[in-house]
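Novice: I am sharing my_file_1.cif, which consists of mmCIF, C-alpha atoms (C1' of nucleotides):
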data_coords
#
loop_
_atom_site.group_PDB
_atom_site.id
_atom_site.type_symbol
_atom_site.label_atom_id
_atom_site.label_comp_id
_atom_site.auth_asym_id
_atom_site.auth_seq_id
_atom_site.Cartn_x
_atom_site.Cartn_y
_atom_site.Cartn_z
ATOM 1 C CA MET A 248 0.000 0.000 0.000
ATOM 2 C CA GLY A 249 1.149 3.546 -0.708
ATOM 3 C CA HIS A 250 3.254 2.488 -3.652
ATOM 4 C CA ARG A 251 2.886 3.942 -7.114
ATOM 5 C CA VAL A 252 2.642 1.792 -10.219
ATOM 6 C CA GLU A 253 5.352 2.603 -12.718
ATOM 7 C CA HIS A 254 4.978 -0.140 -15.270
ATOM 8 C CA VAL A 255 2.347 -2.720 -16.228
ATOM 9 C CA THR A 256 2.425 -5.604 -18.675
ATOM 10 C CA VAL A 257 -0.373 -7.992 -19.592
ATOM 11 C CA GLY A 258 1.105 -11.172 -20.988
ATOM 12 C CA ARG A 259 -2.096 -13.011 -21.710
ATOM 13 C CA ASP A 260 -5.250 -11.289 -22.876
ATOM 14 C CA ARG A 261 -7.551 -13.826 -21.255
ATOM 15 C CA VAL A 262 -6.808 -12.351 -17.815
ATOM 16 C CA ALA A 263 -8.362 -9.102 -19.122
ATOM 17 C CA ARG A 264 -11.365 -10.709 -20.818
ATOM 18 C CA ARG A 265 -13.846 -8.628 -18.827
ATOM 19 C CA THR A 266 -12.343 -5.414 -20.219
ATOM 20 C CA SER A 267 -9.097 -5.296 -22.197
ATOM 21 C CA PRO A 268 -5.336 -5.347 -21.630
ATOM 22 C CA GLU A 269 -5.299 -1.604 -22.364
ATOM 23 C CA ALA A 270 -7.907 -0.943 -19.679
ATOM 24 C CA ILE A 271 -5.697 -2.669 -17.100
ATOM 25 C CA ILE A 272 -2.497 -0.960 -18.255
ATOM 26 C CA ASP A 273 -4.080 2.498 -18.523
ATOM 27 C CA GLY A 274 -6.041 2.130 -15.294
ATOM 28 C CA LEU A 275 -3.001 1.102 -13.237
ATOM 29 C CA SER A 276 -0.136 3.076 -14.730
ATOM 30 C CA GLY A 277 0.733 6.029 -12.502
ATOM 31 C CA ALA A 278 -1.835 5.092 -9.863
ATOM 32 C CA THR A 279 -1.060 4.510 -6.189
ATOM 33 C CA PHE A 280 -2.456 1.607 -4.184
ATOM 34 C CA LEU A 281 -4.387 2.994 -1.227
ATOM 35 C CA GLU A 282 -5.839 -0.071 0.429
ATOM 36 C CA ALA A 283 -6.297 -3.845 0.256
ATOM 37 C CA ARG A 284 -9.812 -5.106 0.816
ATOM 38 C CA ARG A 285 -11.654 -8.400 0.441
ATOM 39 C CA ARG A 286 -15.286 -9.292 0.028
ATOM 40 C CA GLY A 287 -16.041 -12.988 -0.382
ATOM 41 C CA LYS A 288 -13.422 -14.298 -2.803
ATOM 42 C CA TYR A 289 -13.027 -10.919 -4.475
ATOM 43 C CA LEU A 290 -9.905 -8.886 -3.733
ATOM 44 C CA VAL A 291 -10.383 -5.138 -4.223
ATOM 45 C CA PHE A 292 -7.610 -2.547 -4.237
ATOM 46 C CA PRO A 293 -8.771 1.084 -4.279
ATOM 47 C CA LEU A 294 -6.454 3.440 -6.163
ATOM 48 C CA ASP A 295 -5.781 7.151 -5.728
ATOM 49 C CA SER A 296 -7.358 7.695 -9.157
ATOM 50 C CA GLY A 297 -10.785 6.927 -7.721
ATOM 51 C CA GLU A 298 -10.908 3.614 -9.572
ATOM 52 C CA ALA A 299 -10.104 0.220 -8.036
ATOM 53 C CA VAL A 300 -8.535 -3.068 -9.101
ATOM 54 C CA MET A 301 -10.450 -6.304 -8.608
ATOM 55 C CA VAL A 302 -8.553 -9.599 -8.603
ATOM 56 C CA HIS A 303 -10.254 -12.973 -8.453
ATOM 57 C CA LEU A 304 -7.910 -15.954 -8.080
ATOM 58 C CA ARG A 305 -10.507 -18.586 -9.004
ATOM 59 C CA MET A 306 -8.977 -22.114 -8.927
ATOM 60 C CA SER A 307 -5.273 -21.548 -9.412
ATOM 61 C CA GLY A 308 -4.465 -17.834 -9.256
ATOM 62 C CA GLN A 309 -1.734 -16.311 -7.135
ATOM 63 C CA LEU A 310 -0.815 -12.741 -6.244
ATOM 64 C CA LEU A 311 2.890 -12.544 -5.462
ATOM 65 C CA VAL A 312 5.315 -9.790 -4.466
ATOM 66 C CA ALA A 313 8.809 -10.110 -5.896
ATOM 67 C CA GLU A 314 12.047 -8.216 -5.487
ATOM 68 C CA ALA A 315 13.376 -6.015 -8.258
ATOM 69 C CA GLY A 316 14.839 -7.995 -11.115
ATOM 70 C CA ALA A 317 13.326 -11.331 -10.101
ATOM 71 C CA ALA A 318 12.326 -13.562 -13.001
ATOM 72 C CA ALA A 319 8.601 -14.183 -13.309
ATOM 73 C CA PRO A 320 7.459 -17.809 -13.075
ATOM 74 C CA PRO A 321 5.525 -19.532 -15.861
ATOM 75 C CA HIS A 322 1.897 -18.405 -16.255
ATOM 76 C CA THR A 323 2.568 -14.883 -15.019
ATOM 77 C CA HIS A 324 -0.158 -12.961 -16.842
ATOM 78 C CA VAL A 325 0.140 -9.514 -15.261
ATOM 79 C CA THR A 326 3.306 -7.828 -14.024
ATOM 80 C CA ILE A 327 3.015 -4.594 -12.053
ATOM 81 C CA GLY A 328 6.244 -2.698 -11.439
ATOM 82 C CA LEU A 329 6.172 -0.543 -8.287
ATOM 83 C CA ASP A 330 8.044 2.670 -7.476
ATOM 84 C CA ASP A 331 10.458 0.853 -5.124
ATOM 85 C CA GLY A 332 11.461 -1.610 -7.826
ATOM 86 C CA ARG A 333 9.469 -4.487 -6.449
ATOM 87 C CA GLN A 334 6.897 -6.229 -8.608
ATOM 88 C CA LEU A 335 3.419 -7.542 -8.098
ATOM 89 C CA TRP A 336 2.650 -10.641 -10.169
ATOM 90 C CA PHE A 337 -0.638 -12.232 -11.063
ATOM 91 C CA VAL A 338 0.124 -15.889 -11.813
ATOM 92 C CA ASP A 339 -2.569 -18.314 -12.915
ATOM 93 C CA PRO A 340 -1.926 -21.619 -14.744
ATOM 94 C CA ARG A 341 -5.573 -22.425 -15.405
ATOM 95 C CA THR A 342 -6.450 -18.872 -16.460
ATOM 96 C CA PHE A 343 -9.847 -18.892 -14.735
ATOM 97 C CA GLY A 344 -8.816 -15.882 -12.662
ATOM 98 C CA GLU A 345 -9.161 -12.302 -13.790
ATOM 99 C CA VAL A 346 -8.073 -8.737 -13.185
ATOM 100 C CA VAL A 347 -10.412 -5.780 -13.679
ATOM 101 C CA VAL A 348 -9.869 -2.065 -13.214
ATOM 102 C CA PHE A 349 -13.288 -0.629 -12.469
ATOM 103 C CA ASP A 350 -15.127 2.399 -11.147
ATOM 104 C CA PRO A 351 -16.537 1.509 -7.703
ATOM 105 C CA ALA A 352 -19.418 3.920 -8.291
ATOM 106 C CA ALA A 353 -20.477 1.789 -11.269
ATOM 107 C CA VAL A 354 -19.865 -1.636 -9.705
ATOM 108 C CA GLU A 355 -23.448 -2.744 -10.385
ATOM 109 C CA SER A 356 -22.882 -2.620 -14.124
ATOM 110 C CA THR A 357 -19.169 -3.469 -14.359
ATOM 111 C CA LEU A 358 -18.935 -6.207 -11.705
ATOM 112 C CA PRO A 359 -22.528 -7.247 -10.981
ATOM 113 C CA GLU A 360 -21.535 -10.421 -9.141
ATOM 114 C CA LEU A 361 -19.390 -8.375 -6.734
ATOM 115 C CA ALA A 362 -22.307 -6.072 -6.062
ATOM 116 C CA ALA A 363 -24.600 -9.068 -5.519
ATOM 117 C CA LEU A 364 -22.444 -10.874 -2.942
ATOM 118 C CA GLY A 365 -24.241 -11.996 0.193
ATOM 119 C CA VAL A 366 -23.212 -11.510 3.803
ATOM 120 C CA ASP A 367 -19.504 -12.076 4.460
ATOM 121 C CA PRO A 368 -19.097 -14.097 7.691
ATOM 122 C CA ILE A 369 -15.724 -12.473 8.448
ATOM 123 C CA ALA A 370 -16.007 -8.972 7.014
ATOM 124 C CA ASP A 371 -19.585 -8.345 8.187
ATOM 125 C CA ARG A 372 -21.459 -8.773 11.401
ATOM 126 C CA PHE A 373 -22.650 -12.374 11.139
ATOM 127 C CA GLU A 374 -25.161 -13.485 13.730
ATOM 128 C CA ARG A 375 -27.274 -16.607 13.695
ATOM 129 C CA ARG A 376 -30.156 -14.588 12.323
ATOM 130 C CA ASP A 377 -27.987 -13.549 9.350
ATOM 131 C CA LEU A 378 -27.288 -17.185 8.512
ATOM 132 C CA VAL A 379 -30.947 -18.105 8.742
ATOM 133 C CA ALA A 380 -31.925 -15.085 6.630
ATOM 134 C CA ALA A 381 -29.405 -16.144 3.961
ATOM 135 C CA ILE A 382 -30.344 -19.810 3.553
ATOM 136 C CA GLY A 383 -33.184 -20.559 5.944
ATOM 137 C CA GLY A 384 -36.045 -20.129 3.511
ATOM 138 C CA SER A 385 -34.696 -22.573 0.940
ATOM 139 C CA ARG A 386 -35.889 -26.109 0.296
ATOM 140 C CA GLY A 387 -32.526 -27.017 -1.252
ATOM 141 C CA ALA A 388 -29.577 -28.967 0.185
ATOM 142 C CA LEU A 389 -27.255 -27.250 2.647
ATOM 143 C CA LYS A 390 -24.017 -27.664 0.716
ATOM 144 C CA PRO A 391 -25.013 -25.821 -2.479
ATOM 145 C CA LEU A 392 -26.563 -23.105 -0.329
ATOM 146 C CA LEU A 393 -23.313 -22.558 1.580
ATOM 147 C CA LEU A 394 -21.480 -22.293 -1.770
ATOM 148 C CA ASP A 395 -23.932 -19.757 -3.228
ATOM 149 C CA GLN A 396 -21.936 -16.518 -3.119
ATOM 150 C CA ARG A 397 -25.086 -14.394 -3.443
ATOM 151 C CA ARG A 398 -26.317 -15.842 -0.140
ATOM 152 C CA ILE A 399 -23.053 -16.090 1.857
ATOM 153 C CA ALA A 400 -19.824 -14.688 0.431
ATOM 154 C CA GLY A 401 -16.527 -16.496 0.708
ATOM 155 C CA ILE A 402 -17.202 -20.151 1.512
ATOM 156 C CA GLY A 403 -15.596 -22.543 -0.979
ATOM 157 C CA ASN A 404 -15.678 -26.279 -1.484
ATOM 158 C CA ILE A 405 -13.146 -27.197 1.206
ATOM 159 C CA TYR A 406 -14.726 -25.124 3.951
ATOM 160 C CA ALA A 407 -18.325 -25.994 3.069
ATOM 161 C CA ASP A 408 -17.443 -29.643 3.715
ATOM 162 C CA GLU A 409 -15.453 -28.883 6.869
ATOM 163 C CA ILE A 410 -18.147 -26.579 8.263
ATOM 164 C CA LEU A 411 -20.924 -29.118 7.692
ATOM 165 C CA HIS A 412 -18.838 -31.831 9.316
ATOM 166 C CA ASP A 413 -18.148 -29.644 12.322
ATOM 167 C CA ALA A 414 -21.867 -28.872 12.586
ATOM 168 C CA ARG A 415 -22.678 -32.621 12.324
ATOM 169 C CA LEU A 416 -24.978 -31.953 9.359
ATOM 170 C CA ARG A 417 -25.105 -33.896 6.106
ATOM 171 C CA PRO A 418 -24.375 -31.852 2.977
ATOM 172 C CA ASP A 419 -27.583 -33.096 1.342
ATOM 173 C CA ARG A 420 -29.716 -32.178 4.339
ATOM 174 C CA ARG A 421 -32.563 -29.852 3.318
ATOM 175 C CA ALA A 422 -32.209 -26.368 4.804
ATOM 176 C CA ASP A 423 -35.894 -26.207 5.718
ATOM 177 C CA SER A 424 -35.570 -29.269 7.957
ATOM 178 C CA LEU A 425 -33.188 -27.697 10.471
ATOM 179 C CA ARG A 426 -34.185 -27.177 14.089
ATOM 180 C CA ARG A 427 -33.098 -24.246 16.188
ATOM 181 C CA SER A 428 -30.230 -26.229 17.699
ATOM 182 C CA SER A 429 -28.897 -27.162 14.244
ATOM 183 C CA TRP A 430 -28.948 -23.540 13.089
ATOM 184 C CA ALA A 431 -26.974 -22.646 16.188
ATOM 185 C CA ARG A 432 -24.377 -25.324 15.434
ATOM 186 C CA LEU A 433 -24.135 -24.380 11.758
ATOM 187 C CA HIS A 434 -23.592 -20.743 12.642
ATOM 188 C CA ASP A 435 -21.039 -21.611 15.274
ATOM 189 C CA SER A 436 -19.159 -23.980 12.953
ATOM 190 C CA THR A 437 -19.105 -21.481 10.078
ATOM 191 C CA ASP A 438 -17.516 -18.892 12.318
ATOM 192 C CA ARG A 439 -15.081 -21.254 13.999
ATOM 193 C CA ILE A 440 -13.860 -23.147 10.914
ATOM 194 C CA LEU A 441 -13.335 -20.027 8.819
ATOM 195 C CA ARG A 442 -11.434 -18.233 11.571
ATOM 196 C CA ALA A 443 -9.279 -21.277 12.340
ATOM 197 C CA ALA A 444 -8.452 -21.721 8.645
ATOM 198 C CA ILE A 445 -7.561 -18.048 8.245
ATOM 199 C CA ARG A 446 -5.369 -18.188 11.347
ATOM 200 C CA GLN A 447 -3.424 -21.048 9.728
ATOM 201 C CA GLY A 448 -3.073 -19.338 6.380
ATOM 202 C CA GLY A 449 -5.680 -21.419 4.570
ATOM 203 C CA SER A 450 -5.346 -24.839 2.939
ATOM 204 C CA SER A 451 -2.461 -25.473 0.541
ATOM 205 C CA LEU A 452 -3.021 -28.745 -1.289
ATOM 206 C CA GLY A 453 -0.579 -30.935 -3.169
ATOM 207 C CA ASP A 454 0.145 -28.486 -5.955
ATOM 208 C CA ALA A 455 0.880 -25.663 -3.438
ATOM 209 C CA GLN A 456 -1.064 -23.167 -5.541
ATOM 210 C CA TYR A 457 -2.663 -21.490 -2.564
ATOM 211 C CA VAL A 458 -0.007 -19.204 -1.067
ATOM 212 C CA ASP A 459 0.190 -15.760 0.456
ATOM 213 C CA LEU A 460 1.771 -12.660 -1.079
ATOM 214 C CA MET A 461 5.223 -13.881 -0.130
ATOM 215 C CA GLY A 462 4.647 -17.338 -1.605
ATOM 216 C CA HIS A 463 4.195 -19.147 1.692
ATOM 217 C CA GLY A 464 1.545 -21.869 1.925
ATOM 218 C CA GLY A 465 -0.976 -22.379 4.699
ATOM 219 C CA SER A 466 -1.273 -25.307 7.086
ATOM 220 C CA TYR A 467 -5.000 -25.828 7.541
ATOM 221 C CA GLN A 468 -4.926 -28.827 5.173
ATOM 222 C CA ALA A 469 -3.490 -30.747 8.148
ATOM 223 C CA GLU A 470 -6.715 -30.039 10.054
ATOM 224 C CA HIS A 471 -9.116 -31.289 7.365
ATOM 225 C CA ARG A 472 -11.491 -33.857 8.813
ATOM 226 C CA VAL A 473 -13.384 -34.734 5.637
ATOM 227 C CA TYR A 474 -12.116 -32.846 2.561
ATOM 228 C CA GLY A 475 -9.839 -35.126 0.557
ATOM 229 C CA ARG A 476 -10.244 -37.954 3.084
ATOM 230 C CA ALA A 477 -12.688 -40.210 1.217
ATOM 231 C CA GLY A 478 -12.421 -43.833 2.320
ATOM 232 C CA LYS A 479 -10.625 -43.002 5.561
ATOM 233 C CA ARG A 480 -11.909 -43.469 9.062
ATOM 234 C CA CYS A 481 -13.796 -40.503 10.489
ATOM 235 C CA ALA A 482 -11.389 -38.661 12.793
ATOM 236 C CA THR A 483 -14.288 -37.187 14.752
ATOM 237 C CA CYS A 484 -16.452 -40.152 15.728
ATOM 238 C CA GLY A 485 -14.008 -42.972 14.982
ATOM 239 C CA ARG A 486 -16.875 -45.157 13.795
ATOM 240 C CA GLY A 487 -17.843 -44.033 10.287
ATOM 241 C CA TRP A 488 -15.850 -43.806 7.073
ATOM 242 C CA ILE A 489 -15.602 -40.638 5.037
ATOM 243 C CA ARG A 490 -17.850 -40.852 1.977
ATOM 244 C CA ARG A 491 -17.488 -38.907 -1.262
ATOM 245 C CA ILE A 492 -20.544 -37.840 -3.227
ATOM 246 C CA VAL A 493 -21.231 -35.150 -5.822
ATOM 247 C CA SER A 494 -23.434 -32.294 -4.647
ATOM 248 C CA GLY A 495 -24.033 -29.196 -6.693
ATOM 249 C CA GLY A 496 -21.550 -30.569 -9.187
ATOM 250 C CA ARG A 497 -18.812 -30.446 -6.565
ATOM 251 C CA SER A 498 -16.854 -33.196 -4.869
ATOM 252 C CA THR A 499 -18.382 -33.523 -1.391
ATOM 253 C CA HIS A 500 -17.064 -35.354 1.654
ATOM 254 C CA PHE A 501 -18.835 -36.314 4.865
ATOM 255 C CA CYS A 502 -19.198 -38.924 7.588
ATOM 256 C CA GLY A 503 -22.471 -40.822 7.324
ATOM 257 C CA VAL A 504 -22.375 -41.696 11.015
ATOM 258 C CA CYS A 505 -21.784 -38.416 12.829
ATOM 259 C CA GLN A 506 -23.372 -36.109 10.244
ATOM 260 C CA ARG A 507 -27.162 -36.178 10.066
ATOM 261 C "C1'" DA B 150 -36.875 -23.278 -7.509
ATOM 262 C "C1'" DA B 151 -33.599 -26.658 -7.793
ATOM 263 C "C1'" DA B 152 -30.710 -30.203 -9.831
ATOM 264 C "C1'" DC B 153 -27.604 -31.237 -13.349
ATOM 265 C "C1'" DA B 154 -24.204 -30.822 -17.210
ATOM 266 C "C1'" DA B 155 -21.029 -28.398 -19.741
ATOM 267 C "C1'" DA B 156 -17.817 -24.856 -20.504
ATOM 268 C "C1'" DC B 157 -13.687 -22.118 -19.527
ATOM 269 C "C1'" DC B 158 -7.971 -23.948 -18.969
ATOM 270 C "C1'" DT B 159 -3.543 -26.373 -17.401
ATOM 271 C "C1'" DG B 160 -1.246 -29.620 -14.560
ATOM 272 C "C1'" DT B 161 -0.738 -33.814 -11.874
ATOM 273 C "C1'" DG B 162 -1.318 -38.425 -10.456
ATOM 274 C "C1'" DC B 163 -2.805 -42.858 -11.377
ATOM 275 C "C1'" DG B 164 -3.529 -47.474 -13.703
ATOM 276 C "C1'" DC B 165 -1.956 -50.063 -17.331
ATOM 277 C "C1'" DT C 13 8.797 -44.570 -20.210
ATOM 278 C "C1'" DG C 14 4.508 -43.336 -22.178
ATOM 279 C "C1'" DC C 15 -0.446 -43.057 -22.818
ATOM 280 C "C1'" DG C 16 -5.151 -42.116 -21.557
ATOM 281 C "C1'" DC C 17 -8.112 -40.881 -18.103
ATOM 282 C "C1'" DA C 18 -9.911 -38.715 -13.815
ATOM 283 C "C1'" DC C 19 -9.731 -34.914 -11.211
ATOM 284 C "C1'" DA C 20 -8.641 -30.183 -9.121
ATOM 285 C "C1'" DG C 21 -9.557 -24.561 -4.726
ATOM 286 C "C1'" DG C 22 -14.648 -21.320 -8.984
ATOM 287 C "C1'" DT C 23 -18.207 -19.370 -11.565
ATOM 288 C "C1'" DT C 24 -21.402 -18.848 -15.505
ATOM 289 C "C1'" DT C 25 -24.655 -20.517 -18.722
ATOM 290 C "C1'" DG C 26 -27.987 -23.485 -20.434
ATOM 291 C "C1'" DT C 27 -30.989 -27.537 -19.916
ATOM 292 C "C1'" DT C 28 -34.193 -30.548 -17.517
#
As structure tokens, please, write out the structure in this file.

Specialist:
Amino acid sequence: MGHRVEHVTVGRDRVARRTSPEAIIDGLSGATFLEARRRGKYLVFPLDSGEAVMVHLRMSGQLLVAEAGAAAPPHTHVTIGLDDGRQLWFVDPRTFGEVVVFDPAAVESTLPELAALGVDPIADRFERRDLVAAIGGSRGALKPLLLDQRRIAGIGNIYADEILHDARLRPDRRADSLRRSSWARLHDSTDRILRAAIRQGGSSLGDAQYVDLMGHGGSYQAEHRVYGRAGKRCATCGRGWIRRIVSGGRSTHFCGVCQR
DNA sequence: AAACAAACCTGTGCGC
DNA sequence: TGCGCACAGGTTTGTT
């Protein structure tokens, strides 16, 4: 923060598909980063120009800071040279991620999905009533509801599974069948699992794609009770085995014994 | 309204 | 060693 952008290159147009490489280069060049914010999985960096940069990492994106002169790794699609010589890299092998320079006053038209994000359990006040308001009225299964970014912002596939396990609720359990006590557990587990994962720097899987700005991975993968543990004994109840199903098109893991 | 499939990409791990 | 296949942290779009 507080650094001015001196040079920008866009090495792969797909990263700029929402706008254009020129829009990213022109919008960033000469601007100073004021702040780093997050809402759901969207990273937003307000600039002194009045515009802001949005970065979404999707499945394999990384935002990395590098010293002056460092060689960019493969799949570096945006390079931002700062006034102290350091560089900010957007790296993304699968190219699902994107970078957008936008006008926050026009976010509804330029980034409608950002404007439509639901309550953020970490960034917003998030009481039990907020959880119930977000998903309580639905007749659908809990897992897809937790993943719906317009209802609750920020929960991904790993943490949906871990949260539901912690709350002792099956991922295919209908939201309209929950009792008061289950809503209390689900709220409590959402808060606790997300905060514990953040404290440990998130979950870095085998390919070590998920890293912080300095390239360091997290350690929460060591705490996973269900995600990626299909066929193994349930570490919570010691009786069931972890099952893998597909829910909402996503790989889903749970214990059939201690989750109901 | 909800469930499902496909699409967008590249890389890795596995069985054979 | 090499090949083909399944699968991967997300989201959108289109179809039942």

Novice: Starting from the point (-22.9, -16.6, 6.4), work out which residues of protein, DNA or RNA have an atom no more than 12 Å away when counting only C-alpha atoms (C1' of nucleotides); state them as a PDB file with C-alpha atoms, in the frame of the given file.

Specialist:
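What ended up in result_19.pdb:
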ATOM      1  CA  GLY A 287     -16.041 -12.988  -0.382  1.00  0.00           C
ATOM      2  CA  LEU A 364     -22.444 -10.874  -2.942  1.00  0.00           C
ATOM      3  CA  GLY A 365     -24.241 -11.996   0.193  1.00  0.00           C
ATOM      4  CA  VAL A 366     -23.212 -11.510   3.803  1.00  0.00           C
ATOM      5  CA  ASP A 367     -19.504 -12.076   4.460  1.00  0.00           C
ATOM      6  CA  PRO A 368     -19.097 -14.097   7.691  1.00  0.00           C
ATOM      7  CA  ILE A 369     -15.724 -12.473   8.448  1.00  0.00           C
ATOM      8  CA  ALA A 370     -16.007  -8.972   7.014  1.00  0.00           C
ATOM      9  CA  ASP A 371     -19.585  -8.345   8.187  1.00  0.00           C
ATOM     10  CA  ARG A 372     -21.459  -8.773  11.401  1.00  0.00           C
ATOM     11  CA  PHE A 373     -22.650 -12.374  11.139  1.00  0.00           C
ATOM     12  CA  GLU A 374     -25.161 -13.485  13.730  1.00  0.00           C
ATOM     13  CA  ARG A 375     -27.274 -16.607  13.695  1.00  0.00           C
ATOM     14  CA  ARG A 376     -30.156 -14.588  12.323  1.00  0.00           C
ATOM     15  CA  ASP A 377     -27.987 -13.549   9.350  1.00  0.00           C
ATOM     16  CA  LEU A 378     -27.288 -17.185   8.512  1.00  0.00           C
ATOM     17  CA  VAL A 379     -30.947 -18.105   8.742  1.00  0.00           C
ATOM     18  CA  ALA A 380     -31.925 -15.085   6.630  1.00  0.00           C
ATOM     19  CA  ALA A 381     -29.405 -16.144   3.961  1.00  0.00           C
ATOM     20  CA  ILE A 382     -30.344 -19.810   3.553  1.00  0.00           C
ATOM     21  CA  GLY A 383     -33.184 -20.559   5.944  1.00  0.00           C
ATOM     22  CA  LEU A 392     -26.563 -23.105  -0.329  1.00  0.00           C
ATOM     23  CA  LEU A 393     -23.313 -22.558   1.580  1.00  0.00           C
ATOM     24  CA  LEU A 394     -21.480 -22.293  -1.770  1.00  0.00           C
ATOM     25  CA  ASP A 395     -23.932 -19.757  -3.228  1.00  0.00           C
ATOM     26  CA  GLN A 396     -21.936 -16.518  -3.119  1.00  0.00           C
ATOM     27  CA  ARG A 397     -25.086 -14.394  -3.443  1.00  0.00           C
ATOM     28  CA  ARG A 398     -26.317 -15.842  -0.140  1.00  0.00           C
ATOM     29  CA  ILE A 399     -23.053 -16.090   1.857  1.00  0.00           C
ATOM     30  CA  ALA A 400     -19.824 -14.688   0.431  1.00  0.00           C
ATOM     31  CA  GLY A 401     -16.527 -16.496   0.708  1.00  0.00           C
ATOM     32  CA  ILE A 402     -17.202 -20.151   1.512  1.00  0.00           C
ATOM     33  CA  GLY A 403     -15.596 -22.543  -0.979  1.00  0.00           C
ATOM     34  CA  ALA A 407     -18.325 -25.994   3.069  1.00  0.00           C
ATOM     35  CA  ILE A 410     -18.147 -26.579   8.263  1.00  0.00           C
ATOM     36  CA  TRP A 430     -28.948 -23.540  13.089  1.00  0.00           C
ATOM     37  CA  LEU A 433     -24.135 -24.380  11.758  1.00  0.00           C
ATOM     38  CA  HIS A 434     -23.592 -20.743  12.642  1.00  0.00           C
ATOM     39  CA  ASP A 435     -21.039 -21.611  15.274  1.00  0.00           C
ATOM     40  CA  SER A 436     -19.159 -23.980  12.953  1.00  0.00           C
ATOM     41  CA  THR A 437     -19.105 -21.481  10.078  1.00  0.00           C
ATOM     42  CA  ASP A 438     -17.516 -18.892  12.318  1.00  0.00           C
ATOM     43  CA  ARG A 439     -15.081 -21.254  13.999  1.00  0.00           C
ATOM     44  CA  LEU A 441     -13.335 -20.027   8.819  1.00  0.00           C
TER      45      LEU A 441
END

Novice: Which residue out of A:Thr483, A:Asn404, A:Thr357, A:Ser428 has the minimum interatomic distance to chain C when all atoms listed in the file are used?

Specialist: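 Closest candidate: A:Asn404.
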
Novice: For the structure provided, state which residues fall under the PyMOL selection byres ((chain C and resi 19-27) around 6), and present them as a tab-separated table (two decimals) with C-alpha atoms (C1' of nucleotides), keeping the file's coordinate frame.

Specialist:
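Output file result30.tsv follows:
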chain	number	residue	atom	x	y	z
A	305	ARG	CA	-10.51	-18.59	-9.00
A	306	MET	CA	-8.98	-22.11	-8.93
C	18	DA	C1'	-9.91	-38.72	-13.82
C	28	DT	C1'	-34.19	-30.55	-17.52

Novice: Quick one: distance from CA of Val473 in chain A to CA of Gln456 in chain A in Å, one decimal?

Specialist: 20.3 Å

Novice: Please identify all residues of chain A having at least one atom at most 7 Å from any atom of chain B, considering only C-alpha atoms (C1' of nucleotides), and return them as a PyMOL selection string.

Specialist: chain A and resi 340-343+387

Novice: To one decimal in Å, tell me the separation between CA of Gln468 in chain A and CA of Arg417 in chain A.

Specialist: 20.8 Å

Novice: Separation of CA of Glu409 in chain A and CA of Val291 in chain A, in Å?

Specialist: 26.7 Å

Novice: Using all atoms listed in the file, determine which residues lie at most 10 Å from Arg259 in chain A, disregarding the query and same-chain residues fewer than 3 positions distant; provide the list as JSON, numbers by chain.

Specialist: {"A": [256, 262, 263, 264, 268, 322, 323, 324, 325, 342]}

Novice: How would you write, as a ChimeraX atom specification, the residues chosen by the PyMOL selection byres ((chain A and resi 300) around 9) on this structure?

Specialist: /A:271,274-275,290-294,298-299,301-302,346-350

Novice: Measuring between all atoms listed in the file, which one of A:Leu310, A:Ala431, A:Val252, A:Leu452 shows the shortest distance to chain C?

Specialist: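 For chain C, the nearest of the given residues is A:Leu452.
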
Novice: Could you check which residues have any atom within 10 Å of (0.1, -0.5, -3.0), counting all atoms listed in the file with coordinates taken straight from the file, and then list them as a PyMOL selection string?

Specialist: chain A and resi 248-252+278-283+292-294+329-330+335

Novice: Name every residue that the PyMOL selection byres ((chain A and resi 503) around 8) selects in this structure, writing the answer as a ChimeraX atom specification with chains first and numbers rising.

Specialist: /A:417,487-490,501-502,504-507

Novice: Choose the residue, out of A:Ser276, A:Ser307, A:Thr499, A:Ser429, that has the smallest atom-to-atom separation from chain C; count all atoms listed in the file.

Specialist: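 For chain C, the nearest of the candidates is A:Ser307.
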
Novice: May I have the residues within 8 Å of Pro418 in chain A as a PyMOL selection string, using only C-alpha atoms (C1' of nucleotides) and disregarding those fewer than 5 positions away in the same chain?

Specialist: chain A and resi 388-390+408+411+494+499+501
